[in-house]
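Undergrad: Would you mind keeping the following structure in view while I ask a few things?
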Amino acid sequence: MALGVISTRLKEEENRERDIRVFENPEELAIQSAAKFSECAQTAISERGAFLVLLSGGSTPVGLYRRMTQLKLPWDKIHWFWGDERMVPPDSSESNYRGFKESFLDHVSVPAENIHRVRTEAGSPEKIAEFYQTEIQKYFPGAAWPRFDFAIQGMGNDGHTASLFPGSQSEHDSPRWVIAPYVERLEAFRISVSLGVLNSTRVVMFLVTGEEKAEMVRQILRDPREHRGLLPSQRVAPQDGQLFWFLDRAAASRL
Ligand code: 6PG
C-alpha cells in the first residue's frame with residue numbers, strides 16, 4: 001500500500017514543481033509507477049497521437065518494465081528511446097537496450113520501427129552520439145530541443161542520472177541533444193542525452209529504492225545547498241513539465 005504523497009508540489013520556482021511519493025516497497029513502487037506511465041501514455045496518445053519515451057538503464061526500473069508488459073496500451077503508438085547507454089554491444093549483459101528487451105520488449109508486440117536503441121556499433125563515442133541525435137531529430141524536426149513525453153530516470157549513489165555524472169556540468173549543459181561523456185570513475189565513455197533534453201521533457205519520473213540511496217535522496221530533495229544544486233539529479237527540473245520522485249520507504253528514510 002502506498003504511504004501516500006508525503007509532499008505534494010513543493011513550489012521551488014515558477015513552473016518548477018516536484019511531486020514526491022513514497023511507497024511501502026519496490027513492488028508497490030513498480031505498480032504505482034506503471035499506473036503513472038499508463039495514465040501519461042493515454043493522455044499523450046489521445047492528445048497528440050503518440051507517446052515518446054526516454055528509458056533508463058540500471059536495475060531500479062526493471063520492476064516497472066515487467067509491470068508495463070501487463071498494461072493494455074496501443075503499443076504501436078509508443079516509441080522507445082534511451083536516455084543513456086553504455087559503450088557495449090546490444091547483446092552485452094551491460095547493455096541498457098538488452099535490459100529493457102529482456103524485461104519488456106520480449107514480452108510485448110512492439111513494431112521494430114518504434115524501438116530506437118543507441119547504435120553502439122556505429123563507431124567512436126562521438127559518432128554514436130551524433131547518429132543518435134540524428135535519430136531523435138527525425139521525431140522533432142526543426143525543434144531547438146526535443147519534447148519527449150516521458151522520461152524514466154534512475155539515480156546513482158553519487159547523484160548521477162542517465163549518464164550525467166557529477167563534475168562535468170559544462171558538458172551536461174551542451175546545446176547538443178546527445179553527448180558522449182568520458183566518466184573517470186568508470187574509465188569509460190557513455191552516451192547520454194544532455195540536461196537540456198531532460199529539462200524539455202513533459203513528465204520526468206525518478207525511481208529510487210533502497211537504504212543505500214537514502215542519504216543522497218535527503219541531500220537532493222531536502223538540502224540542495226549541500227551541493228549548491230549542482231548534482232546532475234538535482235539539476236533535472238523540466239522547464240514546462242512535471243517532475244515526480246517515486247521512492248520506496250527505505251530510500252525516503254532520511255527525509
Ligand atoms: C545506467 C543509468 C543510470 C542508472 C543509475 C541507477 O545506465 O546505469 O541509466 O543513470 O539509472 O546508475 O542505477 P540502479 O537503478 O542500478 O541503481
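Labels used: A, B, ... for chains in the order of the C-alpha cells, numbers from 1 for residues in each chain, and numbers from 1 for ligands as shown.
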Which residues come within 10 Å of Gly58 of chain A, counting only C-alpha atoms, excluding same-chain residues fewer than 3 positions away, as JSON, numbers by chain?
TA: {"A": [61, 62, 94, 95, 96, 99, 100, 153, 154, 155, 156, 162]}
Undergrad: List all protein, DNA and RNA residues that have any atom at most 9 Å from ligand 1, counting only C-alpha atoms and all ligand atoms, and write the list as a ChimeraX atom specification.
TA: /A:55-62,82-86,94-96,152-165,190,192,206-210,213
Undergrad: Go ahead and save the residues from that selection, with C-alpha atoms, as a PDB file, in the first residue's frame.
TA:
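And here is the file that came out, again_11.pdb:
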ATOM      1  CA  LEU A  55      14.190   4.922 -20.824  1.00  0.00           C
ATOM      2  CA  SER A  56      16.680   4.499 -18.026  1.00  0.00           C
ATOM      3  CA  GLY A  57      19.175   1.688 -17.552  1.00  0.00           C
ATOM      4  CA  GLY A  58      20.189   0.226 -14.205  1.00  0.00           C
ATOM      5  CA  SER A  59      18.294  -2.210 -12.033  1.00  0.00           C
ATOM      6  CA  THR A  60      15.667   0.005 -10.388  1.00  0.00           C
ATOM      7  CA  PRO A  61      13.222   0.335 -13.317  1.00  0.00           C
ATOM      8  CA  VAL A  62      13.159  -3.412 -14.052  1.00  0.00           C
ATOM      9  CA  TRP A  82      17.158   5.515 -24.328  1.00  0.00           C
ATOM     10  CA  GLY A  83      18.254   8.339 -22.025  1.00  0.00           C
ATOM     11  CA  ASP A  84      21.681   6.743 -21.873  1.00  0.00           C
ATOM     12  CA  GLU A  85      23.657   3.745 -22.996  1.00  0.00           C
ATOM     13  CA  ARG A  86      26.926   2.065 -22.170  1.00  0.00           C
ATOM     14  CA  GLU A  94      25.726  -4.349 -19.505  1.00  0.00           C
ATOM     15  CA  SER A  95      23.535  -3.017 -22.305  1.00  0.00           C
ATOM     16  CA  ASN A  96      20.604  -0.835 -21.299  1.00  0.00           C
ATOM     17  CA  ILE A 152      12.129   7.349 -16.596  1.00  0.00           C
ATOM     18  CA  GLN A 153      15.176   8.280 -14.516  1.00  0.00           C
ATOM     19  CA  GLY A 154      17.298   6.345 -12.074  1.00  0.00           C
ATOM     20  CA  MET A 155      19.731   7.917  -9.618  1.00  0.00           C
ATOM     21  CA  GLY A 156      23.154   6.658  -8.580  1.00  0.00           C
ATOM     22  CA  ASN A 157      24.548   6.912  -5.033  1.00  0.00           C
ATOM     23  CA  ASP A 158      26.700   9.809  -6.213  1.00  0.00           C
ATOM     24  CA  GLY A 159      23.701  11.752  -7.556  1.00  0.00           C
ATOM     25  CA  HIS A 160      24.204  10.901 -11.227  1.00  0.00           C
ATOM     26  CA  THR A 161      21.275  10.344 -13.528  1.00  0.00           C
ATOM     27  CA  ALA A 162      21.229   8.966 -17.064  1.00  0.00           C
ATOM     28  CA  SER A 163      25.000   9.144 -17.787  1.00  0.00           C
ATOM     29  CA  LEU A 164      25.359  12.645 -16.390  1.00  0.00           C
ATOM     30  CA  PHE A 165      27.885  12.144 -13.606  1.00  0.00           C
ATOM     31  CA  ARG A 190      28.931   6.694 -22.042  1.00  0.00           C
ATOM     32  CA  SER A 192      23.683  10.243 -22.773  1.00  0.00           C
ATOM     33  CA  PHE A 206      12.696   9.411 -10.927  1.00  0.00           C
ATOM     34  CA  LEU A 207      12.548   5.953  -9.380  1.00  0.00           C
ATOM     35  CA  VAL A 208      14.757   5.402  -6.342  1.00  0.00           C
ATOM     36  CA  THR A 209      14.773   2.462  -3.950  1.00  0.00           C
ATOM     37  CA  GLY A 210      16.944   1.197  -1.122  1.00  0.00           C
ATOM     38  CA  LYS A 213      20.428   5.848  -1.611  1.00  0.00           C
TER      39      LYS A 213
END
Undergrad: Record the distance separating atom CA of Ala122 of chain A and atom CA of Ser93 of chain A, expressed in Å with one decimal.
TA: 18.9 Å
Undergrad: Taking only segment 86-164 of chain A into account, list the residues labelled alpha helix (DSSP H) by DSSP (computed from the backbone), as number ranges by chain.
TA: A: 96-103, 125-137
Undergrad: Could those residues be written to a file, using N, CA and C atoms, as an mmCIF file, in the first residue's frame?
TA:
data_model
loop_
_atom_site.group_PDB
_atom_site.id
_atom_site.type_symbol
_atom_site.label_atom_id
_atom_site.label_comp_id
_atom_site.auth_asym_id
_atom_site.auth_seq_id
_atom_site.Cartn_x
_atom_site.Cartn_y
_atom_site.Cartn_z
ATOM 1 N N ASN A 96 21.915 -1.313 -21.755
ATOM 2 C CA ASN A 96 20.604 -0.835 -21.299
ATOM 3 C C ASN A 96 19.512 -1.297 -22.257
ATOM 4 N N TYR A 97 19.858 -1.376 -23.546
ATOM 5 C CA TYR A 97 18.893 -1.900 -24.523
ATOM 6 C C TYR A 97 18.527 -3.341 -24.155
ATOM 7 N N ARG A 98 19.541 -4.140 -23.885
ATOM 8 C CA ARG A 98 19.257 -5.548 -23.566
ATOM 9 C C ARG A 98 18.406 -5.666 -22.295
ATOM 10 N N GLY A 99 18.692 -4.832 -21.305
ATOM 11 C CA GLY A 99 17.917 -4.867 -20.059
ATOM 12 C C GLY A 99 16.436 -4.641 -20.331
ATOM 13 N N PHE A 100 16.144 -3.677 -21.181
ATOM 14 C CA PHE A 100 14.738 -3.370 -21.482
ATOM 15 C C PHE A 100 14.133 -4.448 -22.376
ATOM 16 N N LYS A 101 14.945 -4.954 -23.278
ATOM 17 C CA LYS A 101 14.463 -6.016 -24.178
ATOM 18 C C LYS A 101 14.015 -7.216 -23.347
ATOM 19 N N GLU A 102 14.866 -7.616 -22.408
ATOM 20 C CA GLU A 102 14.541 -8.825 -21.644
ATOM 21 C C GLU A 102 13.377 -8.616 -20.689
ATOM 22 N N SER A 103 13.267 -7.404 -20.116
ATOM 23 C CA SER A 103 12.183 -7.220 -19.149
ATOM 24 C C SER A 103 10.878 -6.780 -19.806
ATOM 25 N N PRO A 125 32.632 7.081 -29.807
ATOM 26 C CA PRO A 125 31.556 7.618 -28.959
ATOM 27 C C PRO A 125 30.921 8.871 -29.573
ATOM 28 N N GLU A 126 31.762 9.756 -30.116
ATOM 29 C CA GLU A 126 31.256 10.989 -30.744
ATOM 30 C C GLU A 126 30.309 10.679 -31.897
ATOM 31 N N LYS A 127 30.723 9.731 -32.710
ATOM 32 C CA LYS A 127 29.945 9.332 -33.888
ATOM 33 C C LYS A 127 28.610 8.735 -33.441
ATOM 34 N N ILE A 128 28.677 7.888 -32.426
ATOM 35 C CA ILE A 128 27.464 7.223 -31.929
ATOM 36 C C ILE A 128 26.481 8.283 -31.411
ATOM 37 N N ALA A 129 27.028 9.260 -30.677
ATOM 38 C CA ALA A 129 26.175 10.333 -30.135
ATOM 39 C C ALA A 129 25.523 11.118 -31.273
ATOM 40 N N GLU A 130 26.333 11.391 -32.287
ATOM 41 C CA GLU A 130 25.831 12.144 -33.442
ATOM 42 C C GLU A 130 24.702 11.372 -34.141
ATOM 43 N N PHE A 131 24.923 10.079 -34.351
ATOM 44 C CA PHE A 131 23.901 9.240 -35.002
ATOM 45 C C PHE A 131 22.622 9.242 -34.171
ATOM 46 N N TYR A 132 22.805 9.164 -32.866
ATOM 47 C CA TYR A 132 21.606 9.073 -32.023
ATOM 48 C C TYR A 132 20.831 10.382 -32.039
ATOM 49 N N GLN A 133 21.571 11.471 -32.028
ATOM 50 C CA GLN A 133 20.897 12.781 -32.112
ATOM 51 C C GLN A 133 20.103 12.872 -33.420
ATOM 52 N N THR A 134 20.699 12.392 -34.507
ATOM 53 C CA THR A 134 20.010 12.423 -35.805
ATOM 54 C C THR A 134 18.737 11.579 -35.751
ATOM 55 N N GLU A 135 18.813 10.453 -35.086
ATOM 56 C CA GLU A 135 17.633 9.587 -34.946
ATOM 57 C C GLU A 135 16.520 10.329 -34.169
ATOM 58 N N ILE A 136 16.891 10.993 -33.097
ATOM 59 C CA ILE A 136 15.895 11.732 -32.296
ATOM 60 C C ILE A 136 15.319 12.885 -33.115
ATOM 61 N N GLN A 137 16.200 13.550 -33.861
ATOM 62 C CA GLN A 137 15.748 14.726 -34.643
ATOM 63 C C GLN A 137 14.641 14.389 -35.640
#
Undergrad: Hey, could you make a per-residue contact list for segment 193-226 of chain A against segment 172-181 of chain A with 10 Å as the cut-off, showing the nearest pair of atoms and its distance in Å to one decimal, counting only C-alpha atoms, sorted by chain and number, as a Markdown table?
TA:
| residue | atom | partner | partner_atom | distance |
| --- | --- | --- | --- | --- |
| A:Val193 | CA | A:Val178 | CA | 4.3 |
| A:Ser194 | CA | A:His172 | CA | 5.2 |
| A:Leu195 | CA | A:His172 | CA | 5.4 |
| A:Gly196 | CA | A:Asp173 | CA | 6.6 |
| A:Val197 | CA | A:Trp177 | CA | 6.0 |
| A:Leu198 | CA | A:Trp177 | CA | 9.4 |
Undergrad: Counting only C-alpha atoms, what are the residues of segment 14-107 of chain A within 9 Å of segment 144-151 of chain A, and for each of them which pair of atoms is the nearest and at what distance in Å, to one decimal? Sort the table by chain and rising number, as a tab-separated table.
TA:
residue	atom	partner	partner_atom	distance
A:Phe37	CA	A:Phe150	CA	8.0
A:Cys40	CA	A:Phe150	CA	7.7
A:Ala41	CA	A:Asp149	CA	8.2
A:Ala44	CA	A:Asp149	CA	7.2
A:Ala50	CA	A:Asp149	CA	8.9
A:Phe51	CA	A:Asp149	CA	6.0
A:Leu52	CA	A:Asp149	CA	5.2
A:Val53	CA	A:Phe150	CA	4.9
A:Leu54	CA	A:Ala151	CA	4.5
A:Leu55	CA	A:Ala151	CA	6.1
A:Ser56	CA	A:Ala151	CA	7.8
A:Gly83	CA	A:Ala151	CA	7.6
Undergrad: Residues of the last selection are to be written out with N, CA, C and O atoms, as a PDB file, in the first residue's frame.
TA:
ATOM      1  N   PHE A  37       2.746   5.781 -15.647  1.00  0.00           N
ATOM      2  CA  PHE A  37       3.170   5.631 -17.041  1.00  0.00           C
ATOM      3  C   PHE A  37       1.939   5.473 -17.941  1.00  0.00           C
ATOM      4  O   PHE A  37       1.797   6.140 -18.965  1.00  0.00           O
ATOM      5  N   CYS A  40      -0.118   8.704 -18.317  1.00  0.00           N
ATOM      6  CA  CYS A  40       0.539   9.689 -19.195  1.00  0.00           C
ATOM      7  C   CYS A  40       0.500   9.220 -20.651  1.00  0.00           C
ATOM      8  O   CYS A  40       0.340  10.039 -21.563  1.00  0.00           O
ATOM      9  N   ALA A  41       0.643   7.911 -20.870  1.00  0.00           N
ATOM     10  CA  ALA A  41       0.602   7.383 -22.241  1.00  0.00           C
ATOM     11  C   ALA A  41      -0.769   7.647 -22.848  1.00  0.00           C
ATOM     12  O   ALA A  41      -0.876   8.122 -23.987  1.00  0.00           O
ATOM     13  N   ALA A  44      -1.208  11.380 -23.681  1.00  0.00           N
ATOM     14  CA  ALA A  44      -0.404  11.804 -24.844  1.00  0.00           C
ATOM     15  C   ALA A  44      -1.002  11.266 -26.136  1.00  0.00           C
ATOM     16  O   ALA A  44      -1.112  11.996 -27.130  1.00  0.00           O
ATOM     17  N   ALA A  50       0.676  10.018 -30.158  1.00  0.00           N
ATOM     18  CA  ALA A  50       1.855   9.176 -29.918  1.00  0.00           C
ATOM     19  C   ALA A  50       2.409   9.457 -28.523  1.00  0.00           C
ATOM     20  O   ALA A  50       2.074  10.482 -27.905  1.00  0.00           O
ATOM     21  N   PHE A  51       3.256   8.563 -28.048  1.00  0.00           N
ATOM     22  CA  PHE A  51       3.870   8.710 -26.722  1.00  0.00           C
ATOM     23  C   PHE A  51       5.352   8.387 -26.899  1.00  0.00           C
ATOM     24  O   PHE A  51       5.717   7.268 -27.260  1.00  0.00           O
ATOM     25  N   LEU A  52       6.191   9.390 -26.689  1.00  0.00           N
ATOM     26  CA  LEU A  52       7.630   9.235 -26.910  1.00  0.00           C
ATOM     27  C   LEU A  52       8.349   9.179 -25.569  1.00  0.00           C
ATOM     28  O   LEU A  52       8.295  10.145 -24.793  1.00  0.00           O
ATOM     29  N   VAL A  53       9.011   8.061 -25.343  1.00  0.00           N
ATOM     30  CA  VAL A  53       9.534   7.761 -24.005  1.00  0.00           C
ATOM     31  C   VAL A  53      11.055   7.654 -24.005  1.00  0.00           C
ATOM     32  O   VAL A  53      11.641   7.050 -24.911  1.00  0.00           O
ATOM     33  N   LEU A  54      11.675   8.194 -22.962  1.00  0.00           N
ATOM     34  CA  LEU A  54      13.111   8.023 -22.718  1.00  0.00           C
ATOM     35  C   LEU A  54      13.273   7.023 -21.578  1.00  0.00           C
ATOM     36  O   LEU A  54      12.719   7.238 -20.493  1.00  0.00           O
ATOM     37  N   LEU A  55      14.032   5.976 -21.826  1.00  0.00           N
ATOM     38  CA  LEU A  55      14.190   4.922 -20.824  1.00  0.00           C
ATOM     39  C   LEU A  55      15.488   5.068 -20.048  1.00  0.00           C
ATOM     40  O   LEU A  55      16.468   5.605 -20.552  1.00  0.00           O
ATOM     41  N   SER A  56      15.476   4.519 -18.847  1.00  0.00           N
ATOM     42  CA  SER A  56      16.680   4.499 -18.026  1.00  0.00           C
ATOM     43  C   SER A  56      17.258   3.084 -18.007  1.00  0.00           C
ATOM     44  O   SER A  56      16.529   2.107 -18.177  1.00  0.00           O
ATOM     45  N   GLY A  83      17.644   7.131 -22.584  1.00  0.00           N
ATOM     46  CA  GLY A  83      18.254   8.339 -22.025  1.00  0.00           C
ATOM     47  C   GLY A  83      19.762   8.200 -21.978  1.00  0.00           C
ATOM     48  O   GLY A  83      20.494   9.191 -22.044  1.00  0.00           O
TER      49      GLY A  83
END
Undergrad: Rounded to one decimal in Å, what is the spacing between atom CA of Gln242 of chain A and atom CA of Lys36 of chain A?
TA: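 Here the two named atoms are 11.9 Å from each other.
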Undergrad: List as a VMD selection string the protein and nucleic acid residues near Gly241 of chain A, meaning an atom at most 9 Å away when only C-alpha atoms are counted, but skip any in the same chain fewer than 4 places from it.
TA: chain A and resid 15 to 17 199 to 204 237
Undergrad: Rank A:Lys138, A:Arg222, A:Arg235, A:Lys72 by their smallest atom-to-atom distance to Pro166 of chain A, using only C-alpha atoms, and report the top residue only.
TA: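 For Pro166 of chain A, the nearest of the candidates is A:Arg235.
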Undergrad: Let's see if you can do this: from backbone DSSP, list all strand (DSSP E or B) residues in segment 34-250 of chain A, as a PyMOL selection string.
TA: chain A and resi 51-55+78-82+84-86+115-116+150-153+161+164+178-179+182-183+188-193+203-208+242-248
Undergrad: Ranking A:Ala112, A:Phe244, A:Ile220, A:Leu231 by minimum distance to Ser168 of chain A and counting only C-alpha atoms, which one comes first?
TA: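 Residue with the minimum atom-to-atom distance to Ser168 of chain A: A:Leu231.
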Undergrad: Quick one: everything within 10 Å of Gln70 of chain A, counting only C-alpha atoms, minus sequence neighbours fewer than 6 positions away in the same chain. Send it as a compact mmCIF listing (two decimals) with N, CA, C and O atoms, in the first residue's frame.
TA:
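Output below, filename result-v9.txt:
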# COMPACT_ATOMS: atom_id res chain seq x y z
N ALA A 34 3.94 2.17 -12.87
CA ALA A 34 3.31 1.66 -14.09
C ALA A 34 1.97 2.37 -14.30
O ALA A 34 1.59 2.68 -15.44
N PHE A 104 10.94 -6.21 -21.01
CA PHE A 104 9.71 -5.71 -21.63
C PHE A 104 9.53 -6.16 -23.08
O PHE A 104 8.56 -6.85 -23.41
N HIS A 107 8.31 -9.49 -24.39
CA HIS A 107 7.02 -9.99 -23.91
C HIS A 107 5.81 -9.28 -24.51
O HIS A 107 4.67 -9.60 -24.18
N VAL A 108 6.09 -8.26 -25.32
CA VAL A 108 5.01 -7.43 -25.85
C VAL A 108 5.24 -7.26 -27.35
O VAL A 108 6.38 -7.25 -27.80
Undergrad: Kindly indicate which residue among A:Val88, A:Asn25, A:Ser46, A:Met68 lies nearest to Ala188 of chain A, using only C-alpha atoms for the distances.
TA: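 Closest candidate: A:Val88.
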Undergrad: May I ask for the distance between atom CA of Ile115 of chain A and atom CA of Phe81 of chain A, given in Å to one decimal place?
TA: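 For atom CA of Ile115 of chain A relative to atom CA of Phe81 of chain A, the distance reads 6.7 Å.
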Undergrad: Find the residue from A:Val22, A:Met87, A:Ile45, A:Val217 that sits nearest to Leu73 of chain A; use only C-alpha atoms when measuring.
TA: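 Under the stated criterion, the closest residue is A:Ile45.
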Undergrad: Nearest to Pro74 of chain A: which of A:Gly49, A:Pro238, A:Pro90, A:Ala143 is it, counting only C-alpha atoms?
TA: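 For Pro74 of chain A, the nearest of the given residues is A:Gly49.
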